[in-house]
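> Input: one structure, supplied below.
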Amino acid sequence: MARKRIVVKIGSSLLTDQTRLTPRWGFMQRIMEDFALLRDQGYEVLLCSSGSVALGMKMMGVTPEEAGLRDKQASAACGMPLLLNAYKQIGHEYDLNIGQILVTLGDFEIHSRFLNTKNTLVRLLEAGIVPIINENDTITTEEIRVGDNDRLAAKVAQMVLAEHLIILTSVDGLYDQDPSNPDAKLVEEVQDVSQYLSVTEGVSTLGTGGMLTKLQAANMAQNSGCHTIIANGEADSPISSALFGERPRTICLAHSEPLATWHAWLSERLHIAGSIVIESSAADEIDAGERGVHREDVIRIEGSYSKGDVIHIYDEDGKERARGMSDFTSEETEILVRNVNMPVKQLLGYHSRAVLVESNNLTTLDERHLPWERPEPTEQPKFEPFPDEKR
């Protein structure tokens, strides 16, 4: 039996009058009415809603073009009560109760917090409450934020095992070229989102993502067995009409063999904590499922990461081959790599296997994962052992 669970993402440009920076009450009315319709048909709906920063800017006396980080954080604090109050007032007309969930990057990237957040969302759904989820913009900075609600919504869809992710935007869906071009054609169905990355440029005035982040979100969702629908929010019954195919839309089909939950969490990241480059022969053995990552495999460490962070693993040709949870910090990893013949206890002061990433905490990548924009590698030479060591 299919899961009748839907995650809906709505951007600031739909929720907020871009000139007055006030709620678009008529649009929100249609959304909540649609939620009630879907509830009566047995669906569970979660909402990832932007809008708090934009709504708070008017109170703070700033514009989207001039607002800095502190302005946006303060605007989020002012705008969130306005946004939630609007949802609550309208929801009351349809006997809909709402609950607010504010998340940060760590709630998705740290596994224990991921599970805690999931448990809260599921409990709200069991009680018939509509969870309204947003990034906690009052405390996040560029280094620790998700950055766009498209991928945030995809992580929520993965978290709650949703059947559909519906992204409402200002166009009918994905086009094969710039939609302002008269020759542009709507792409109704997508299996491989990588074919359309070249036509995804563009960012809205109030939003933080264009079509690229929507395709990234779709890729994350489809790897978890979730269909993604991208559709114009300016319609009657904006969610259900897109869900049931009653108007133009783009649907990105879920993979027929989705990743297991643990492997989806390992591979579908929102942030690169750090990475390592390993010998290609070792990468081939890891691909074959023969073992994890050993310290003698490592050529270079890039970035700083902590124990328990998921790191990206590249081969010598620069191809990302796997992602996995590190058993050591980047500093500890460097010590281990530079002293491959010395026991961990002697180097670090505690007993441990000298395996950087265990095979059961590792997932290999295939062609269905979109590539990351890899950070510029640091100028570090290949690790060479000390003269009395032989690798």
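Labels used: A, B, ... for chains in the order of the structure tokens, numbers from 1 for residues in each chain, and numbers from 1 for ligands as shown.
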Excluding range 53-55 of chain A and residues on its chain fewer than 3 positions from it, collect all residues at most 10 Å away from it, counting only C-alpha atoms, and give them as a count of residues only.
34
> Got a sec to tell me which of range 53-279 of chain A DSSP assigns to helix (DSSP H, G or I), as number ranges by chain?
A: 53-60, 69-93, 106-109, 111-126, 149-160, 193-199, 211-223, 240-243, 261-267
> I need the chosen residues saved as a JSON list (two decimals), in the first residue's frame, with C-alpha atoms.

```
[["chain", "number", "residue", "atom", "x", "y", "z"],
["A", 53, "VAL", "CA", 12.53, 36.52, 6.87],
["A", 54, "ALA", "CA", 10.60, 38.37, 4.15],
["A", 55, "LEU", "CA", 7.67, 39.14, 6.45],
["A", 56, "GLY", "CA", 9.95, 40.43, 9.20],
["A", 57, "MET", "CA", 11.88, 42.81, 6.95],
["A", 58, "LYS", "CA", 9.07, 45.32, 6.97],
["A", 59, "MET", "CA", 9.17, 45.48, 10.77],
["A", 60, "MET", "CA", 12.96, 45.81, 10.70],
["A", 69, "LEU", "CA", 23.03, 38.47, 7.85],
["A", 70, "ARG", "CA", 22.11, 40.18, 11.13],
["A", 71, "ASP", "CA", 19.19, 41.91, 9.42],
["A", 72, "LYS", "CA", 17.91, 38.57, 8.14],
["A", 73, "GLN", "CA", 18.31, 36.88, 11.52],
["A", 74, "ALA", "CA", 16.39, 39.66, 13.25],
["A", 75, "SER", "CA", 13.78, 39.71, 10.48],
["A", 76, "ALA", "CA", 13.21, 35.97, 10.95],
["A", 77, "ALA", "CA", 12.56, 36.53, 14.66],
["A", 78, "CYS", "CA", 9.95, 39.19, 13.80],
["A", 79, "GLY", "CA", 8.39, 37.40, 10.84],
["A", 80, "MET", "CA", 7.94, 33.89, 12.26],
["A", 81, "PRO", "CA", 5.08, 34.84, 14.65],
["A", 82, "LEU", "CA", 3.34, 36.64, 11.78],
["A", 83, "LEU", "CA", 3.68, 33.62, 9.49],
["A", 84, "LEU", "CA", 2.51, 31.10, 12.09],
["A", 85, "ASN", "CA", -0.37, 33.31, 13.16],
["A", 86, "ALA", "CA", -1.58, 33.52, 9.55],
["A", 87, "TYR", "CA", -1.46, 29.74, 9.16],
["A", 88, "LYS", "CA", -3.19, 29.27, 12.51],
["A", 89, "GLN", "CA", -6.02, 31.70, 11.77],
["A", 90, "ILE", "CA", -6.75, 30.25, 8.35],
["A", 91, "GLY", "CA", -6.30, 26.66, 9.53],
["A", 92, "HIS", "CA", -8.90, 27.22, 12.25],
["A", 93, "GLU", "CA", -11.53, 27.68, 9.51],
["A", 106, "GLY", "CA", 22.72, 19.65, 12.50],
["A", 107, "ASP", "CA", 19.19, 18.28, 12.77],
["A", 108, "PHE", "CA", 19.77, 16.59, 9.41],
["A", 109, "GLU", "CA", 23.51, 15.90, 9.46],
["A", 111, "HIS", "CA", 22.16, 11.12, 13.03],
["A", 112, "SER", "CA", 20.83, 11.20, 16.60],
["A", 113, "ARG", "CA", 19.24, 14.60, 15.99],
["A", 114, "PHE", "CA", 17.91, 13.38, 12.64],
["A", 115, "LEU", "CA", 16.10, 10.55, 14.44],
["A", 116, "ASN", "CA", 14.79, 12.86, 17.18],
["A", 117, "THR", "CA", 13.39, 15.26, 14.60],
["A", 118, "LYS", "CA", 11.82, 12.38, 12.69],
["A", 119, "ASN", "CA", 10.15, 11.05, 15.83],
["A", 120, "THR", "CA", 8.64, 14.46, 16.58],
["A", 121, "LEU", "CA", 7.27, 14.85, 13.05],
["A", 122, "VAL", "CA", 5.74, 11.38, 13.04],
["A", 123, "ARG", "CA", 4.11, 11.99, 16.43],
["A", 124, "LEU", "CA", 2.56, 15.23, 15.15],
["A", 125, "LEU", "CA", 1.16, 13.39, 12.13],
["A", 126, "GLU", "CA", -0.27, 10.68, 14.37],
["A", 149, "ASN", "CA", 14.15, 25.11, 1.60],
["A", 150, "ASP", "CA", 14.05, 22.93, -1.53],
["A", 151, "ARG", "CA", 16.73, 20.56, -0.25],
["A", 152, "LEU", "CA", 15.48, 20.96, 3.31],
["A", 153, "ALA", "CA", 12.09, 19.70, 2.13],
["A", 154, "ALA", "CA", 13.75, 16.77, 0.37],
["A", 155, "LYS", "CA", 15.48, 15.80, 3.61],
["A", 156, "VAL", "CA", 12.14, 15.96, 5.41],
["A", 157, "ALA", "CA", 10.60, 13.75, 2.71],
["A", 158, "GLN", "CA", 13.43, 11.27, 3.18],
["A", 159, "MET", "CA", 13.05, 11.49, 6.95],
["A", 160, "VAL", "CA", 9.33, 10.66, 7.05],
["A", 193, "VAL", "CA", 17.65, 15.12, -13.51],
["A", 194, "SER", "CA", 21.31, 15.50, -14.51],
["A", 195, "GLN", "CA", 20.20, 15.95, -18.14],
["A", 196, "TYR", "CA", 18.64, 19.31, -17.26],
["A", 197, "LEU", "CA", 21.25, 20.93, -15.01],
["A", 198, "SER", "CA", 22.37, 23.27, -17.79],
["A", 199, "VAL", "CA", 18.98, 25.05, -17.88],
["A", 211, "MET", "CA", 15.51, 25.55, -10.44],
["A", 212, "LEU", "CA", 18.92, 24.03, -9.66],
["A", 213, "THR", "CA", 18.10, 23.52, -6.00],
["A", 214, "LYS", "CA", 14.73, 22.06, -7.00],
["A", 215, "LEU", "CA", 16.43, 19.46, -9.18],
["A", 216, "GLN", "CA", 18.94, 18.73, -6.43],
["A", 217, "ALA", "CA", 16.00, 18.22, -4.08],
["A", 218, "ALA", "CA", 14.27, 16.00, -6.63],
["A", 219, "ASN", "CA", 17.39, 13.87, -6.97],
["A", 220, "MET", "CA", 17.62, 13.45, -3.19],
["A", 221, "ALA", "CA", 13.94, 12.52, -3.00],
["A", 222, "GLN", "CA", 13.95, 10.05, -5.87],
["A", 223, "ASN", "CA", 16.93, 8.22, -4.36],
["A", 240, "SER", "CA", -4.08, 18.48, -5.09],
["A", 241, "SER", "CA", -4.42, 19.66, -8.70],
["A", 242, "ALA", "CA", -0.68, 19.13, -9.18],
["A", 243, "LEU", "CA", -0.70, 15.83, -7.29],
["A", 261, "THR", "CA", 17.32, 4.55, 4.95],
["A", 262, "TRP", "CA", 20.83, 4.39, 6.43],
["A", 263, "HIS", "CA", 22.50, 4.65, 3.03],
["A", 264, "ALA", "CA", 20.20, 7.50, 2.02],
["A", 265, "TRP", "CA", 21.18, 9.40, 5.16],
["A", 266, "LEU", "CA", 24.87, 8.81, 4.45],
["A", 267, "SER", "CA", 24.75, 9.80, 0.80]]
```
> Excluding Ala162 in chain A and residues on its chain fewer than 4 positions from it, collect all residues at most 8 Å away from it, counting only C-alpha atoms, and give them as number ranges by chain.
A: 3-7, 157-158, 226
> Take the residues from that selection and put them in a file with all heavy atoms, as a PDB file, in the first residue's frame.

```pdb
ATOM      1  N   ARG A   3       2.324   4.920   0.575  1.00  0.00           N
ATOM      2  CA  ARG A   3       2.281   5.852   1.700  1.00  0.00           C
ATOM      3  C   ARG A   3       1.571   7.125   1.248  1.00  0.00           C
ATOM      4  O   ARG A   3       2.020   7.790   0.319  1.00  0.00           O
ATOM      5  CB  ARG A   3       3.705   6.189   2.160  1.00  0.00           C
ATOM      6  CG  ARG A   3       4.510   4.998   2.608  1.00  0.00           C
ATOM      7  CD  ARG A   3       5.886   5.462   3.119  1.00  0.00           C
ATOM      8  NE  ARG A   3       6.631   6.213   2.132  1.00  0.00           N
ATOM      9  CZ  ARG A   3       7.397   5.661   1.199  1.00  0.00           C
ATOM     10  NH1 ARG A   3       7.486   4.353   1.116  1.00  0.00           N
ATOM     11  NH2 ARG A   3       8.059   6.410   0.341  1.00  0.00           N
ATOM     12  N   LYS A   4       0.489   7.473   1.878  1.00  0.00           N
ATOM     13  CA  LYS A   4      -0.240   8.700   1.510  1.00  0.00           C
ATOM     14  C   LYS A   4       0.284   9.834   2.379  1.00  0.00           C
ATOM     15  O   LYS A   4      -0.406  10.387   3.222  1.00  0.00           O
ATOM     16  CB  LYS A   4      -1.741   8.486   1.673  1.00  0.00           C
ATOM     17  CG  LYS A   4      -2.287   7.390   0.766  1.00  0.00           C
ATOM     18  CD  LYS A   4      -3.792   7.240   0.888  1.00  0.00           C
ATOM     19  CE  LYS A   4      -4.515   8.395   0.234  1.00  0.00           C
ATOM     20  NZ  LYS A   4      -5.988   8.178   0.143  1.00  0.00           N
ATOM     21  N   ARG A   5       1.545  10.125   2.169  1.00  0.00           N
ATOM     22  CA  ARG A   5       2.224  11.166   2.953  1.00  0.00           C
ATOM     23  C   ARG A   5       2.913  12.113   1.983  1.00  0.00           C
ATOM     24  O   ARG A   5       3.664  11.681   1.107  1.00  0.00           O
ATOM     25  CB  ARG A   5       3.214  10.538   3.929  1.00  0.00           C
ATOM     26  CG  ARG A   5       3.882  11.500   4.871  1.00  0.00           C
ATOM     27  CD  ARG A   5       4.706  10.747   5.910  1.00  0.00           C
ATOM     28  NE  ARG A   5       3.857  10.059   6.883  1.00  0.00           N
ATOM     29  CZ  ARG A   5       4.312   9.198   7.792  1.00  0.00           C
ATOM     30  NH1 ARG A   5       5.597   8.906   7.826  1.00  0.00           N
ATOM     31  NH2 ARG A   5       3.491   8.635   8.652  1.00  0.00           N
ATOM     32  N   ILE A   6       2.663  13.404   2.147  1.00  0.00           N
ATOM     33  CA  ILE A   6       3.136  14.416   1.199  1.00  0.00           C
ATOM     34  C   ILE A   6       3.901  15.494   1.952  1.00  0.00           C
ATOM     35  O   ILE A   6       3.456  15.961   3.009  1.00  0.00           O
ATOM     36  CB  ILE A   6       1.953  15.081   0.468  1.00  0.00           C
ATOM     37  CG1 ILE A   6       1.096  14.045  -0.245  1.00  0.00           C
ATOM     38  CG2 ILE A   6       2.447  16.121  -0.527  1.00  0.00           C
ATOM     39  CD1 ILE A   6      -0.218  14.607  -0.743  1.00  0.00           C
ATOM     40  N   VAL A   7       5.040  15.890   1.405  1.00  0.00           N
ATOM     41  CA  VAL A   7       5.771  17.057   1.892  1.00  0.00           C
ATOM     42  C   VAL A   7       5.603  18.153   0.853  1.00  0.00           C
ATOM     43  O   VAL A   7       5.856  17.937  -0.335  1.00  0.00           O
ATOM     44  CB  VAL A   7       7.267  16.753   2.118  1.00  0.00           C
ATOM     45  CG1 VAL A   7       8.020  18.025   2.494  1.00  0.00           C
ATOM     46  CG2 VAL A   7       7.435  15.696   3.198  1.00  0.00           C
ATOM     47  N   ALA A 157      11.268  14.839   3.424  1.00  0.00           N
ATOM     48  CA  ALA A 157      10.601  13.754   2.710  1.00  0.00           C
ATOM     49  C   ALA A 157      11.320  12.429   2.931  1.00  0.00           C
ATOM     50  O   ALA A 157      10.690  11.380   3.138  1.00  0.00           O
ATOM     51  CB  ALA A 157      10.521  14.084   1.219  1.00  0.00           C
ATOM     52  N   GLN A 158      12.639  12.466   2.895  1.00  0.00           N
ATOM     53  CA  GLN A 158      13.429  11.270   3.178  1.00  0.00           C
ATOM     54  C   GLN A 158      13.212  10.816   4.611  1.00  0.00           C
ATOM     55  O   GLN A 158      13.041   9.619   4.892  1.00  0.00           O
ATOM     56  CB  GLN A 158      14.913  11.568   2.950  1.00  0.00           C
ATOM     57  CG  GLN A 158      15.849  10.460   3.408  1.00  0.00           C
ATOM     58  CD  GLN A 158      17.284  10.949   3.596  1.00  0.00           C
ATOM     59  OE1 GLN A 158      17.690  11.942   3.007  1.00  0.00           O
ATOM     60  NE2 GLN A 158      18.034  10.248   4.429  1.00  0.00           N
ATOM     61  N   CYS A 226      10.877   8.623  -3.415  1.00  0.00           N
ATOM     62  CA  CYS A 226       9.837   9.651  -3.339  1.00  0.00           C
ATOM     63  C   CYS A 226       9.741  10.383  -4.677  1.00  0.00           C
ATOM     64  O   CYS A 226      10.746  10.845  -5.213  1.00  0.00           O
ATOM     65  CB  CYS A 226      10.171  10.634  -2.215  1.00  0.00           C
ATOM     66  SG  CYS A 226       9.038  12.023  -2.034  1.00  0.00           S
TER      67      CYS A 226
END
```
> By how many Å are CA of Gly289 in chain A and CA of Arg323 in chain A apart?
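Rounded to one decimal, the two atoms are 13.2 Å apart.
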> Please determine, counting only C-alpha atoms, which residue among A:Met342, A:Leu47, A:Ala354, A:Leu96 has the shortest atom-to-atom distance to Val293 in chain A.
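Result for the nearest residue to Val293 in chain A: A:Ala354.
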> Where does DSSP see strand (DSSP E or B) in range 268-386 of chain A, if you list the residues as a ChimeraX atom specification?
/A:275-278,293-294,298-302,310-314,320-325,355-357,362-364
> Residues of range 104-184 of chain A that have any atom at most 8 Å from an atom of range 38-46 of chain A: could you tabulate them with the shortest-distance atom pair and the distance in Å to one decimal, using only C-alpha atoms, ordered by chain and increasing number, as CSV?

```
residue,atom,partner,partner_atom,distance
A:Leu125,CA,A:Glu44,CA,6.7
A:Gly128,CA,A:Glu44,CA,7.9
A:Val130,CA,A:Leu46,CA,5.8
A:Pro131,CA,A:Leu46,CA,5.3
A:Ile132,CA,A:Leu46,CA,6.4
A:Ile133,CA,A:Leu46,CA,7.7
```
> So which one's closest to Asp284 in chain A, A:Glu296, A:Glu189, A:Glu316, A:Glu302? Using only C-alpha atoms, please.
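Among the listed residues, the smallest separation from Asp284 in chain A belongs to A:Glu316.
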> My list of candidates is A:Leu14, A:Met28, A:Ile335, A:Ile139. Which is closest to Ile167 in chain A when distances are computed with only C-alpha atoms?
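Result for the nearest residue to Ile167 in chain A: A:Leu14.
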> Nearest residue to Gly318 in chain A out of A:Thr333, A:Asn360, A:Ser275, A:Ser304, using only C-alpha atoms?
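Selected residue with least distance to Gly318 in chain A: A:Ser275.
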> I'd like the neighbourhood of Asp176 in chain A as a tab-separated table (two decimals) with C-alpha atoms, in the first residue's frame, where a residue qualifies if any of its atoms comes within 7 Å (using only C-alpha atoms), though same-chain residues fewer than 5 positions away should be ignored.

```tsv
chain	number	residue	atom	x	y	z
A	184	ALA	CA	10.70	26.65	-24.33
A	185	LYS	CA	8.78	23.43	-23.71
A	186	LEU	CA	7.64	22.04	-20.39
A	187	VAL	CA	9.32	18.78	-19.40
A	199	VAL	CA	18.98	25.05	-17.88
```
> In Å to one decimal, how far is CA of Thr228 in chain A from CA of His164 in chain A?
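According to the coordinates, CA of His164 in chain A and CA of Thr228 in chain A are separated by 5.7 Å.
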> Could you give me, as a list of chain:residue names, the residues within 9 Å of Glu257 in chain A, counting only C-alpha atoms and dropping anything in the same chain fewer than 3 positions from it?
A:Asn223, A:Ser224, A:Gly225, A:Ala254
